[in-house]
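Next comes work30.txt, a file with compact mmCIF, C-alpha atoms.
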# COMPACT_ATOMS: atom_id res chain seq x y z
CA MET L 1 -18.99 -5.17 -20.18
CA SER L 2 -16.53 -2.28 -20.22
CA THR L 3 -13.79 -2.46 -17.63
CA ARG L 4 -14.53 1.21 -16.95
CA SER L 5 -17.97 0.42 -15.57
CA CYS L 6 -17.07 -2.24 -13.05
CA SER L 7 -14.18 -3.28 -10.83
CA GLU L 8 -13.68 -6.25 -8.57
CA ALA L 9 -11.36 -6.89 -5.64
CA VAL L 10 -8.02 -8.04 -7.06
CA ASN L 11 -4.54 -8.52 -5.63
CA THR L 12 -1.43 -9.00 -7.79
CA HIS L 13 1.22 -9.50 -5.10
CA VAL L 14 0.98 -12.22 -2.44
CA HIS L 15 3.78 -14.44 -1.14
CA PHE L 16 2.68 -18.05 -0.79
CA PRO L 17 4.36 -20.83 1.17
CA PRO L 18 7.10 -22.00 1.00
CA ASN L 19 8.09 -18.32 0.74
CA PHE L 20 7.66 -16.68 4.12
CA SER L 21 3.96 -15.94 4.30
CA ALA L 22 1.18 -15.01 6.67
CA PHE L 23 -0.40 -18.31 5.61
CA ASP L 24 0.84 -21.78 6.46
CA THR L 25 -0.28 -23.44 3.22
CA VAL L 26 -1.41 -22.57 -0.29
CA ALA L 27 -4.86 -23.98 0.45
CA GLU L 28 -5.23 -21.72 3.48
CA ALA L 29 -4.29 -18.62 1.49
CA VAL L 30 -6.62 -19.41 -1.39
CA ALA L 31 -9.48 -20.14 1.00
CA ALA L 32 -8.95 -16.75 2.65
CA ALA L 33 -9.03 -14.99 -0.73
CA ALA L 34 -12.23 -16.77 -1.71
CA ALA L 35 -13.88 -15.96 1.61
CA GLN L 36 -12.98 -12.29 1.17
CA GLY L 37 -14.33 -12.09 -2.39
CA VAL L 38 -11.00 -11.48 -4.14
CA ARG L 39 -11.50 -12.42 -7.79
CA ALA L 40 -7.87 -12.54 -8.98
CA VAL L 41 -4.76 -13.29 -6.95
CA GLY L 42 -1.18 -12.96 -8.12
CA ILE L 43 1.46 -15.19 -6.59
CA SER L 44 4.75 -13.29 -6.43
CA ASN L 45 7.38 -15.53 -4.88
CA PHE L 46 11.15 -15.22 -4.62
CA TYR L 47 13.69 -17.86 -5.69
CA ASP L 48 11.54 -20.85 -6.70
CA GLN L 49 8.25 -21.28 -8.55
CA SER L 50 7.66 -25.00 -7.97
CA VAL L 51 4.52 -24.33 -5.91
CA TYR L 52 2.78 -22.48 -8.74
CA GLY L 53 1.02 -25.55 -10.10
CA ARG L 54 -0.51 -26.24 -6.70
CA PHE L 55 -1.55 -22.59 -6.43
CA ALA L 56 -3.15 -22.67 -9.88
CA GLU L 57 -5.21 -25.77 -9.10
CA ALA L 58 -6.44 -24.38 -5.78
CA ALA L 59 -7.30 -20.97 -7.23
CA VAL L 60 -9.24 -22.34 -10.19
CA ALA L 61 -11.15 -24.71 -7.92
CA ALA L 62 -12.10 -21.73 -5.74
CA GLY L 63 -13.26 -19.63 -8.70
CA ILE L 64 -10.27 -17.27 -8.45
CA ALA L 65 -8.22 -16.23 -11.48
CA PRO L 66 -4.61 -17.23 -10.77
CA LEU L 67 -1.96 -14.74 -11.88
CA TYR L 68 1.70 -15.70 -11.96
CA GLY L 69 4.48 -13.38 -10.96
CA LEU L 70 7.88 -13.39 -9.32
CA GLU L 71 10.15 -11.00 -7.48
CA PHE L 72 13.88 -10.30 -7.52
CA ILE L 73 16.43 -8.24 -5.66
CA THR L 74 18.64 -6.49 -8.22
CA LEU L 75 21.49 -4.01 -8.09
CA ASP L 76 22.25 -0.94 -10.19
CA PRO L 77 25.95 -0.12 -9.61
CA ALA L 78 25.62 3.46 -10.91
CA LEU L 79 22.80 4.26 -8.49
CA GLU L 80 24.69 2.49 -5.71
CA ALA L 81 27.82 4.58 -6.37
CA ALA L 82 25.72 7.74 -6.33
CA GLY L 83 24.09 6.76 -3.03
CA VAL L 84 20.60 6.78 -4.57
CA ARG L 85 18.01 4.71 -2.72
CA VAL L 86 15.55 3.12 -5.13
CA ASN L 87 12.87 1.02 -3.42
CA ASP L 88 15.00 -0.38 -0.59
CA PRO L 89 15.46 2.32 2.06
CA ALA L 90 18.52 0.66 3.63
CA ASN L 91 20.58 -0.14 0.54
CA PRO L 92 21.41 2.47 -2.13
CA GLY L 93 21.26 1.06 -5.64
CA ARG L 94 19.25 -1.97 -4.56
CA MET L 95 16.13 -2.33 -6.71
CA TYR L 96 13.33 -4.81 -6.23
CA LEU L 97 11.87 -5.88 -9.57
CA CYS L 98 8.82 -8.01 -10.30
CA GLY L 99 7.56 -9.92 -13.29
CA LYS L 100 3.82 -10.19 -13.90
CA GLY L 101 1.89 -12.56 -16.14
CA ILE L 102 4.76 -15.01 -16.55
CA ASP L 103 4.33 -18.54 -17.84
CA PRO L 104 5.81 -20.61 -14.99
CA PHE L 105 4.98 -23.89 -16.73
CA ARG L 106 7.01 -23.33 -19.89
CA GLU L 107 10.27 -25.18 -20.32
CA LYS L 108 13.10 -22.82 -19.43
CA SER L 109 15.57 -21.93 -22.15
CA GLY L 110 19.24 -22.47 -21.46
CA ARG L 111 19.70 -18.82 -20.56
CA ALA L 112 16.59 -18.73 -18.34
CA GLY L 113 17.76 -21.88 -16.58
CA LEU L 114 21.17 -20.38 -15.88
CA ILE L 115 19.63 -17.24 -14.37
CA ALA L 116 17.18 -19.28 -12.28
CA ASP L 117 20.01 -21.46 -10.99
CA GLU L 118 22.07 -18.38 -10.12
CA ILE L 119 19.17 -16.88 -8.17
CA ARG L 120 18.53 -20.05 -6.18
CA ALA L 121 22.16 -20.99 -5.52
CA GLY L 122 23.12 -17.50 -4.37
CA ASN L 123 20.25 -17.30 -1.94
CA ASP L 124 20.72 -20.81 -0.56
CA LEU L 125 24.42 -20.22 0.09
CA ARG L 126 23.69 -16.92 1.84
CA ALA L 127 21.01 -18.52 4.03
CA SER L 128 23.32 -21.37 5.04
CA ARG L 129 26.08 -18.98 6.06
CA MET L 130 23.65 -16.77 7.94
CA VAL L 131 22.24 -19.67 9.97
CA SER L 132 25.76 -20.81 10.89
CA LYS L 133 26.75 -17.34 12.08
CA LEU L 134 23.58 -16.90 14.11
CA ALA L 135 23.87 -20.36 15.69
CA ALA L 136 27.40 -19.53 16.82
CA HIS L 137 26.28 -16.15 18.14
CA PHE L 138 23.44 -17.68 20.15
CA ALA L 139 25.77 -20.38 21.47
CA ALA L 140 28.17 -17.72 22.70
CA ALA L 141 25.22 -16.09 24.48
CA GLY L 142 24.37 -19.35 26.21
CA LEU L 143 21.85 -21.07 23.94
CA GLU L 144 22.80 -24.06 21.81
CA THR L 145 19.93 -24.02 19.32
CA GLY L 146 21.11 -26.93 17.19
CA LEU L 147 19.72 -25.07 14.19
CA THR L 148 21.06 -25.64 10.69
CA SER L 149 19.80 -24.39 7.36
CA ALA L 150 18.74 -27.96 6.51
CA ALA L 151 16.72 -28.27 9.71
CA ILE L 152 15.01 -24.92 9.16
CA ALA L 153 14.21 -25.77 5.55
CA GLN L 154 12.70 -29.10 6.64
CA ALA L 155 10.47 -27.29 9.14
CA VAL L 156 9.37 -24.82 6.46
CA ALA L 157 8.55 -27.68 4.09
CA GLU L 158 6.51 -29.47 6.75
CA ARG L 159 4.63 -26.32 7.72
CA GLY L 160 3.81 -25.52 4.10
CA GLN L 161 3.11 -29.16 3.19
CA VAL L 162 5.52 -28.97 0.25
CA PRO L 163 8.55 -31.00 -0.85
CA LEU L 164 11.84 -29.95 0.72
CA GLU L 165 13.36 -29.08 -2.66
CA TRP L 166 10.79 -26.31 -3.09
CA VAL L 167 12.18 -24.42 -0.09
CA SER L 168 14.70 -21.59 -0.45
CA LEU L 169 15.16 -19.91 2.93
CA GLN L 170 14.60 -16.21 3.49
CA GLU L 171 15.69 -14.00 6.39
CA ARG L 172 12.20 -14.18 7.85
CA HIS L 173 12.29 -18.00 7.94
CA ILE L 174 15.59 -17.88 9.79
CA ALA L 175 14.42 -15.24 12.27
CA ARG L 176 11.31 -17.30 13.00
CA ALA L 177 13.38 -20.42 13.65
CA PHE L 178 15.64 -18.67 16.16
CA GLN L 179 12.71 -16.97 17.87
CA GLU L 180 10.99 -20.34 18.24
CA ALA L 181 14.19 -21.85 19.65
CA VAL L 182 14.30 -19.15 22.31
CA TRP L 183 10.64 -19.73 23.17
CA THR L 184 11.07 -23.51 23.33
CA LEU L 185 14.42 -23.89 25.03
CA LEU L 186 14.43 -20.91 27.37
CA ALA L 187 10.79 -20.12 27.94
CA GLY L 188 11.40 -18.56 31.35
CA GLU L 189 14.57 -16.69 30.46
CA ARG L 190 13.70 -14.97 27.20
CA GLY L 191 14.54 -11.47 28.32
CA ALA L 192 17.95 -12.32 29.75
CA LEU L 193 18.92 -14.44 26.75
CA LEU L 194 17.85 -11.83 24.21
CA GLU L 195 19.67 -9.12 26.13
CA ARG L 196 22.86 -11.13 25.81
CA VAL L 197 22.16 -11.86 22.15
CA PHE L 198 21.38 -8.23 21.30
CA GLY L 199 23.96 -6.64 23.56
CA GLY L 200 21.14 -4.74 25.23
CA PRO L 201 17.51 -5.21 26.28
CA ALA L 202 14.98 -6.35 23.70
CA ALA L 203 12.69 -3.59 22.49
CA ALA L 204 9.90 -5.97 21.46
CA ALA L 205 7.39 -7.34 23.92
CA LEU L 206 8.60 -10.78 24.95
CA ASP L 207 5.18 -12.35 24.33
CA ASP L 208 4.98 -10.97 20.76
CA ALA L 209 6.63 -13.59 18.56
CA ALA L 210 6.29 -11.58 15.34
CA ALA L 211 7.82 -8.48 16.91
CA VAL L 212 10.74 -10.48 18.27
CA GLN L 213 11.30 -12.00 14.83
CA GLY L 214 11.44 -8.50 13.38
CA GLU L 215 13.90 -7.40 16.03
CA LEU L 216 16.10 -10.42 15.39
CA ARG L 217 16.31 -9.40 11.74
CA THR L 218 17.00 -5.75 12.52
CA ARG L 219 19.57 -6.29 15.27
CA LEU L 220 21.33 -9.43 14.09
CA MET L 221 20.88 -9.88 10.33
CA LYS L 222 21.50 -6.48 8.77
CA ALA L 223 24.78 -4.96 7.61
CA GLY L 224 27.40 -4.89 10.36
CA LYS L 225 25.45 -7.23 12.66
CA ALA L 226 26.47 -10.62 14.03
CA GLY L 227 24.48 -12.72 11.58
CA PHE L 228 24.86 -10.59 8.48
CA VAL L 229 25.87 -12.15 5.18
CA ASP L 230 25.91 -9.93 2.13
CA GLU L 231 23.30 -10.65 -0.52
CA ALA L 232 24.28 -11.53 -4.08
CA PRO L 233 21.64 -9.64 -6.04
CA LEU L 234 21.15 -10.11 -9.76
CA SER L 235 22.01 -7.34 -12.12
CA PHE L 236 18.96 -5.38 -13.21
CA ALA L 237 19.66 -6.48 -16.80
CA ASP L 238 19.62 -10.19 -15.90
CA ALA L 239 16.42 -9.93 -13.88
CA TYR L 240 14.71 -7.94 -16.65
CA GLU L 241 15.86 -10.53 -19.20
CA TYR L 242 14.58 -13.40 -17.07
CA VAL L 243 11.10 -11.87 -16.79
CA LEU L 244 10.92 -11.61 -20.58
CA LEU L 245 12.30 -15.12 -21.11
CA MET L 246 9.47 -16.36 -18.90
CA GLY L 247 6.91 -14.46 -20.97
CA GLY L 248 6.20 -11.80 -18.34
CA ILE L 249 5.85 -8.05 -17.95
CA PRO L 250 8.72 -6.31 -16.10
CA THR L 251 7.08 -4.44 -13.22
CA TYR L 252 8.38 -1.94 -10.70
CA PRO L 253 7.16 -2.39 -7.08
CA THR L 254 6.82 1.07 -5.59
CA LEU L 255 7.70 1.76 -1.96
CA ALA L 256 6.71 5.46 -1.95
CA ASP L 257 6.02 6.74 1.58
CA GLY L 258 6.51 3.24 2.91
CA ALA L 259 9.95 4.74 3.55
CA SER L 260 10.54 7.92 5.52
CA PRO L 261 12.02 9.90 3.96
CA VAL L 262 10.88 8.68 0.55
CA CYS L 263 13.70 7.09 -1.46
CA GLU L 264 15.41 9.52 -3.82
CA PHE L 265 14.56 7.49 -6.93
CA GLU L 266 10.86 7.77 -6.04
CA ALA L 267 10.78 11.32 -4.69
CA ASP L 268 8.81 12.71 -7.65
CA PRO L 269 6.17 10.31 -9.04
CA ALA L 270 6.22 11.87 -12.52
CA GLN L 271 10.00 11.63 -12.73
CA LEU L 272 9.85 8.08 -11.40
CA ALA L 273 7.37 7.12 -14.12
CA GLN L 274 9.61 8.61 -16.79
CA ALA L 275 12.67 6.80 -15.40
CA LEU L 276 10.78 3.51 -15.54
CA VAL L 277 9.73 4.03 -19.15
CA GLU L 278 13.35 4.83 -20.04
CA ARG L 279 14.34 1.48 -18.53
CA GLY L 280 11.74 -0.38 -20.57
CA ILE L 281 9.35 -0.85 -17.67
CA HIS L 282 5.71 -0.27 -18.57
CA ALA L 283 4.03 -1.56 -15.42
CA ALA L 284 4.18 -0.53 -11.76
CA GLU L 285 2.74 -1.87 -8.56
CA LEU L 286 1.94 -0.47 -5.15
CA ILE L 287 1.48 -2.15 -1.79
CA PRO L 288 -1.08 0.44 -0.62
CA VAL L 289 -1.16 -0.69 3.00
CA ARG L 290 2.27 0.95 3.29
CA ASN L 291 1.02 4.25 1.89
CA ARG L 292 -1.31 7.13 2.59
CA SER L 293 -4.19 7.38 0.14
CA ARG L 294 -2.99 10.74 -1.19
CA VAL L 295 0.37 9.23 -2.09
CA VAL L 296 -1.30 6.25 -3.76
CA ASP L 297 -3.45 8.58 -5.86
CA ASP L 298 -0.43 10.71 -6.82
CA CYS L 299 1.49 7.64 -7.95
CA VAL L 300 -1.48 6.22 -9.85
CA ALA L 301 -1.97 9.53 -11.66
CA ALA L 302 1.71 9.80 -12.58
CA PHE L 303 1.99 6.20 -13.75
CA THR L 304 -1.15 6.18 -15.84
CA GLN L 305 -0.35 9.56 -17.40
CA ALA L 306 3.01 8.14 -18.47
CA GLY L 307 1.28 5.17 -20.09
CA LEU L 308 2.07 2.54 -17.45
CA ILE L 309 -0.41 0.03 -16.16
CA VAL L 310 -0.57 -0.05 -12.38
CA MET L 311 -1.55 -2.76 -9.92
CA ALA L 312 -1.83 -3.31 -6.18
CA GLY L 313 -0.97 -6.10 -3.78
CA THR L 314 -0.62 -6.85 -0.09
CA GLU L 315 2.52 -9.06 0.04
CA HIS L 316 1.41 -10.98 3.15
CA ASN L 317 5.09 -11.66 3.84
CA THR L 318 4.82 -11.12 7.61
CA PRO L 319 2.83 -13.09 10.20
CA LYS L 320 0.04 -10.47 10.18
CA ARG L 321 -3.23 -11.64 8.63
CA ILE L 322 -4.29 -8.39 7.01
CA PRO L 323 -7.17 -8.43 4.48
CA LEU L 324 -6.31 -9.65 0.99
CA GLU L 325 -8.20 -6.82 -0.67
CA PRO L 326 -5.70 -3.94 -0.94
CA ALA L 327 -6.36 -0.81 1.11
CA CYS L 328 -4.29 2.21 2.09
CA ALA L 329 -2.63 2.79 5.43
CA ASP L 330 -5.23 5.46 6.21
CA GLY L 331 -8.35 3.91 4.71
CA PRO L 332 -9.91 2.41 1.56
CA LEU L 333 -8.60 2.94 -1.95
CA SER L 334 -10.07 5.86 -3.84
CA ASP L 335 -12.41 5.01 -6.71
CA VAL L 336 -9.78 6.21 -9.18
CA ALA L 337 -7.06 4.01 -7.70
CA ARG L 338 -9.34 1.00 -7.44
CA GLN L 339 -10.33 1.34 -11.09
CA ALA L 340 -6.73 1.75 -12.22
CA PHE L 341 -5.67 -1.35 -10.28
CA TRP L 342 -8.55 -3.33 -11.76
CA GLU L 343 -7.68 -2.33 -15.32
CA GLY L 344 -3.98 -3.06 -14.80
CA THR L 345 -4.80 -6.48 -13.38
CA CYS L 346 -7.08 -7.19 -16.33
CA VAL L 347 -4.24 -6.37 -18.74
CA VAL L 348 -1.95 -8.79 -16.88
CA ALA L 349 -4.59 -11.53 -16.99
CA ALA L 350 -5.00 -11.07 -20.74
CA HIS L 351 -1.25 -10.94 -21.35
CA GLN L 352 -0.73 -14.13 -19.36
CA ALA L 353 -3.41 -16.02 -21.29
CA LEU L 354 -2.32 -14.78 -24.71
CA VAL L 355 1.39 -15.48 -24.21
CA ALA L 356 0.64 -18.97 -22.86
CA ASP L 357 -1.16 -19.57 -26.19
CA GLY L 358 1.79 -18.26 -28.20
CA GLU L 359 0.18 -14.93 -29.04
CA ALA L 360 1.26 -11.33 -28.45
CA GLY L 361 0.43 -9.80 -25.09
CA PHE L 362 1.06 -6.42 -23.48
CA VAL L 363 4.81 -6.50 -24.18
CA ASP L 364 6.87 -8.61 -26.56
CA GLU L 365 10.00 -10.66 -25.94
CA THR L 366 12.11 -7.47 -25.96
CA GLY L 367 9.91 -5.64 -23.46
CA ALA L 368 8.41 -3.31 -26.07
CA LEU L 369 4.71 -2.48 -25.92
CA THR L 370 2.65 -4.44 -28.43
CA GLY L 371 -0.99 -4.83 -27.43
CA GLU L 372 -3.95 -2.48 -27.55
CA ARG L 373 -4.51 -1.76 -23.89
CA ALA L 374 -8.27 -1.31 -23.96
CA GLU L 375 -8.77 -4.59 -25.80
CA LEU L 376 -6.44 -6.40 -23.41
CA ALA L 377 -8.30 -4.97 -20.42
CA GLU L 378 -11.62 -6.16 -21.84
CA LEU L 379 -10.26 -9.64 -22.45
CA GLY L 380 -8.72 -9.77 -18.99
CA ALA L 381 -11.98 -8.70 -17.38
CA ARG L 382 -13.76 -11.59 -19.06
CA ILE L 383 -11.06 -14.01 -17.90
CA ILE L 384 -11.22 -12.83 -14.29
CA LYS L 385 -15.02 -12.93 -14.25
CA GLY L 386 -15.04 -16.38 -15.85
CA GLU L 387 -17.10 -15.25 -18.83

Could you write out this file's structure as structure tokens?
Amino acid sequence: MSTRSCSEAVNTHVHFPPNFSAFDTVAEAVAAAAAQGVRAVGISNFYDQSVYGRFAEAAVAAGIAPLYGLEFITLDPALEAAGVRVNDPANPGRMYLCGKGIDPFREKSGRAGLIADEIRAGNDLRASRMVSKLAAHFAAAGLETGLTSAAIAQAVAERGQVPLEWVSLQERHIARAFQEAVWTLLAGERGALLERVFGGPAAAALDDAAAVQGELRTRLMKAGKAGFVDEAPLSFADAYEYVLLMGGIPTYPTLADGASPVCEFEADPAQLAQALVERGIHAAELIPVRNRSRVVDDCVAAFTQAGLIVMAGTEHNTPKRIPLEPACADGPLSDVARQAFWEGTCVVAAHQALVADGEAGFVDETGALTGERAELAELGARIIKGE
């Protein structure tokens, strides 16, 4: 069956535990996807991919095609020096980069292992320092939380039902731990404690745990704040290399009007598409729930006209249990966008299967285009549909 005559609900970007996730366990997330009729789901975790085998088993058992991806925070010094915001509205030069269709089960080469170790070690050191600074700040405000990075990681492992060594803490994990400490230790004095911690009244409703977690990140963990520790992002070149070493497709996650104003690097979708091609990126992704449908359609048109494949995800990296089928901020995807996302996902599914078998996929080990897109899309459609 032609991929142009049928499309299914697919999602190429979901964070699974032990990454911070809307879901407590892999099984819970996969069950939600199955219940909602999502035919292919792409895991897209930061820092560690140890949980991918568990995800693969659960997805296959549920009749869902598992897709393997990962996400990085990278830095382009030239864009940083020029003050150009890429797809991080708060940090000029900071670029999120994804890999799609990787082979997480292959033995890492020496170079891939070094990059993976650098990613993990840098993040773990930052998280440890951040927890220490926040614990001291809360203590000065009158609350001895007793929190350490080891204690938070243990709680994350227990919640996600994973081994401790799979856990690499993120800001959201840390914010959740401190919010829960406030709720547990000072249930009747939340407002007064947070006012001392923030240096002013809390803006979030004191019975809204997720909102308080967000405010903790904004007011305590960002640049210049009491708990801030600078990130150690990879260079773009190292992240791009790692995706290829793992057999994947370098992919640009697009923020678009998820930022207001739109980041300078993304201001013109056609120019953005050309800039990506010049960097050797032939795939892009949207998180449509951030965007108006008109903006999604404009980006899809620009990307596909430039020869990129395009996909869509939901992230699910906050406590909110939004649907797993992607939709725009102002309503459903257009038919054109839905079809483009389906075809892009099919290409990724085919690439992943072919590369795992030692064959050529959508891009080669240098990032250059290799495969015939229509044939890859047809193969991927069969894989996703289980034909």

| Distance query Leu75 in chain L at most 8 Å, only C-alpha atoms, self and fewer than 3 positions along chain excluded, as number ranges by chain | L: 80, 93-95, 233-236

| Skipping near chain neighbours, those fewer than 2 positions away, what residues fall within 12 Å of Arg190 in chain L using only C-alpha atoms, listed as an MDAnalysis selection string? | chainID L and resid 141:143 178:188 192:198 201:202 204:209 212

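The interatomic distance for the pair CA of Val296 in chain L and CA of Ala353 in chain L works out to 28.4 Å.
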
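For the pair CA of Leu255 in chain L and CA of Glu285 in chain L, the interatomic distance is 9.0 Å.
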
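Comparing the minimum interatomic distances between Ala270 in chain L and each of L:Ala22, L:Ala302, L:Ala62, L:Ile384, counting all atoms listed in the file, we find that L:Ala302 sits nearest.
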
| said: Can you measure CA of Gly69 in chain L to CA of Gly248 in chain L for me? One decimal in Å is fine. | reply: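 Computing it gives 7.7 Å between the two atoms.
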
| At most 8 Å from (16.0, -11.8, 1.8), file frame, all atoms listed in the file: which residues, as a PyMOL selection string? | chain L and resi 123+170-172+231

Extract, using only C-alpha atoms, all DNA, RNA and protein residues at most 8 Å from range 45-47 of chain L, discarding same-chain residues fewer than 2 positions from it, and format them as a compact mmCIF listing (two decimals) with C-alpha atoms, keeping the file's coordinate frame.
# COMPACT_ATOMS: atom_id res chain seq x y z
CA VAL L 14 0.98 -12.22 -2.44
CA HIS L 15 3.78 -14.44 -1.14
CA PHE L 16 2.68 -18.05 -0.79
CA ASN L 19 8.09 -18.32 0.74
CA ILE L 43 1.46 -15.19 -6.59
CA GLN L 49 8.25 -21.28 -8.55
CA GLY L 69 4.48 -13.38 -10.96
CA LEU L 70 7.88 -13.39 -9.32
CA GLU L 71 10.15 -11.00 -7.48
CA PHE L 72 13.88 -10.30 -7.52
CA ALA L 116 17.18 -19.28 -12.28
CA ILE L 119 19.17 -16.88 -8.17
CA ARG L 120 18.53 -20.05 -6.18
CA ASN L 123 20.25 -17.30 -1.94
CA SER L 168 14.70 -21.59 -0.45

| task | Between L:Val295, L:Ala155, L:Leu147, L:Ile287, single out the one closest to Asn87 in chain L, counting all atoms listed in the file. | result | L:Ile287

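Using all atoms listed in the file, the nearest neighbour of Arg338 in chain L within the list L:Leu308, L:Leu354, L:Ile322, L:Val300 is L:Val300.
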
| task | Return the single residue from L:Ala27, L:Tyr252, L:Glu378, L:Val243 that is closest to Leu276 in chain L, with distances computed using all atoms listed in the file. | result |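 With all atoms listed in the file as the atom set, the closest residue is L:Tyr252.
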
| field | Pro269 in chain L surroundings by all atoms listed in the file, 9 Å radius, close-in-sequence under 4 positions cut, as a PyMOL selection string | value | chain L and resi 256+273-274+298-303

Using the file's own x, y and z axes, so that the box edges lie along x, y and z, what centre and edge lengths in Å (one decimal) does a box around every listed atom of range 141-151 of chain L get when 3 Å is added on each side? Give it as AutoDock Vina command-line options.
--center_x 21.0 --center_y -22.2 --center_z 16.4 --size_x 14.5 --size_y 18.2 --size_z 25.7

| With distances taken over all atoms listed in the file, which of L:Asp297, L:Asp48, L:Glu165, L:Asp124 is nearest to Ala340 in chain L? |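 Counting all atoms listed in the file, the residue closest to Ala340 in chain L is L:Asp297.
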